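Q: Mind having a look at this structure? Questions to follow.
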Amino acid sequence: MNCKALALVILSGFLAGPALPAQEAATTTPARQAQVERRAARQQKRIAQGAASGQLTPGETQHLEKREAKLDRDIGKAEADGKITPREQAKLNREENRDSRRIFRKKHNAKVAGQ
């Protein structure tokens, strides 16, 4: 291999190197979005199931729905630039954790719809 070809191979390695982290970040962002959206959808199903079974009173359901609407707005804000950063994902995870605990507590308290 002559010197020019060797220099070209080395130079292309240096140029491709910085592109790899950018590709990695691009592939993890949709995964973050999908994870956040899947979890929000599961929580919405938990609320609907609790309302249908009578575990949640109409007032509790309304309160939880307001929390879920706020979460949806926050997800929309985080996705506005086309990606969810690790910091935004951490904030959304904290909010989803809080909402999940609220759903559990309201579904398992002594209040029953229709009584």
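FYI, nothing fancy with the structure tokens labels: chains A, B, ... in order, residues from 1 per chain, ligands from 1 as they appear.
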So that I can see what lies close to segment 57-64 of chain A, please list as number ranges by chain the residues with an atom at most 6 Å from it, counting only C-alpha atoms and leaving out residues fewer than 3 positions away in the same chain.

A: A: 67, 112-113

Q: Can those selected residues be exported to a file as an mmCIF file, in the first residue's frame so that it contains N, CA and C atoms?

A:
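File written: selection.cif
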data_model
loop_
_atom_site.group_PDB
_atom_site.id
_atom_site.type_symbol
_atom_site.label_atom_id
_atom_site.label_comp_id
_atom_site.auth_asym_id
_atom_site.auth_seq_id
_atom_site.Cartn_x
_atom_site.Cartn_y
_atom_site.Cartn_z
ATOM 1 N N ARG A 67 -53.876 14.396 35.321
ATOM 2 C CA ARG A 67 -52.438 14.137 35.450
ATOM 3 C C ARG A 67 -51.878 13.541 34.155
ATOM 4 N N VAL A 112 -65.142 3.046 46.396
ATOM 5 C CA VAL A 112 -65.628 2.246 45.278
ATOM 6 C C VAL A 112 -66.666 3.077 44.541
ATOM 7 N N ALA A 113 -66.627 3.057 43.240
ATOM 8 C CA ALA A 113 -67.601 3.814 42.447
ATOM 9 C C ALA A 113 -68.988 3.230 42.626
#

Q: Would you kindly return, as an MDAnalysis selection string, each protein, DNA or RNA residue with an atom no farther than 10 Å from any atom of Glu96 of chain A, considering only C-alpha atoms and excluding same-chain residues fewer than 6 positions away?

A: chainID A and resid 36 39:40 43 67:68 71 90 102

Q: Using only C-alpha atoms, which of the listed residues (A:Ile75, A:Ala110, A:Ala69, A:Ala80) sits closest to Glu37 of chain A?

A: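 For Glu37 of chain A, the nearest of the given residues is A:Ile75.
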